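To start, the structure itself, in structure tokens.
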Amino acid sequence: MESAIAVLVSRFKAYAGTDGSSDTLSRDEFHRLVSSELPNFVKNAGDPAAIEQLMSSLDKNNDGELNFLVFWQLIGHLASEHGRFSQ
């Protein structure tokens, strides 16, 4: 599990560092991450409008950025769906 966590942190930082703060994902960074890294886990990952809707649902403070905690919650949700765990 430690290696899985290290990969998630590393991939987040790789995308977050491309335009601005390395602590958050901008809208563009989030779009690139989801379409490249999660195409089989996020429904309609190839559809920019679907990714934008997902971003908006996660961006509770409407600042156009997602921090690692929000990203981690998304990963937890996707993993729960993948494992078919009850909510």
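As shown in the structure tokens, the chain order sets the letters A, B, ...; within each chain, residues go from 1, and ligands are also counted from 1 in the order they appear.
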Spatial neighbours of A:Ala14, 12 Å, only C-alpha atoms, chain gap at least 2 places, as an NGL selection string: :A and (7-12 or 16-25 or 29-30 or 32-33 or 37)
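One finds atom CA of A:Gln53 at 10.7 Å from atom CA of A:His31.
Atom CA of A:Arg84 is found 23.8 Å from atom CA of A:Phe68.
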Backbone DSSP call of strand (DSSP E or B) for chain A, listed as a PyMOL selection string: chain A and resi 24-26+65-67
Go ahead and write the residues just picked, N, CA, C and O atoms, as a PDB file, in the first residue's frame.
ATOM      1  N   THR A  24      -1.621  22.333  -5.765  1.00  0.00           N
ATOM      2  CA  THR A  24      -3.002  22.212  -6.239  1.00  0.00           C
ATOM      3  C   THR A  24      -3.030  21.879  -7.723  1.00  0.00           C
ATOM      4  O   THR A  24      -2.086  22.163  -8.463  1.00  0.00           O
ATOM      5  N   LEU A  25      -4.149  21.303  -8.137  1.00  0.00           N
ATOM      6  CA  LEU A  25      -4.403  21.048  -9.556  1.00  0.00           C
ATOM      7  C   LEU A  25      -5.303  22.148 -10.090  1.00  0.00           C
ATOM      8  O   LEU A  25      -6.390  22.388  -9.550  1.00  0.00           O
ATOM      9  N   SER A  26      -4.860  22.816 -11.138  1.00  0.00           N
ATOM     10  CA  SER A  26      -5.726  23.780 -11.817  1.00  0.00           C
ATOM     11  C   SER A  26      -6.729  22.990 -12.666  1.00  0.00           C
ATOM     12  O   SER A  26      -6.636  21.772 -12.793  1.00  0.00           O
ATOM     13  N   GLU A  65      -9.251  25.324  -8.378  1.00  0.00           N
ATOM     14  CA  GLU A  65      -8.125  24.457  -8.039  1.00  0.00           C
ATOM     15  C   GLU A  65      -8.581  23.370  -7.073  1.00  0.00           C
ATOM     16  O   GLU A  65      -9.533  23.568  -6.307  1.00  0.00           O
ATOM     17  N   LEU A  66      -7.876  22.243  -7.118  1.00  0.00           N
ATOM     18  CA  LEU A  66      -8.139  21.151  -6.191  1.00  0.00           C
ATOM     19  C   LEU A  66      -6.867  20.832  -5.429  1.00  0.00           C
ATOM     20  O   LEU A  66      -5.814  20.647  -6.035  1.00  0.00           O
ATOM     21  N   ASN A  67      -6.968  20.749  -4.102  1.00  0.00           N
ATOM     22  CA  ASN A  67      -5.799  20.381  -3.318  1.00  0.00           C
ATOM     23  C   ASN A  67      -5.701  18.857  -3.237  1.00  0.00           C
ATOM     24  O   ASN A  67      -6.577  18.132  -3.706  1.00  0.00           O
TER      25      ASN A  67
END
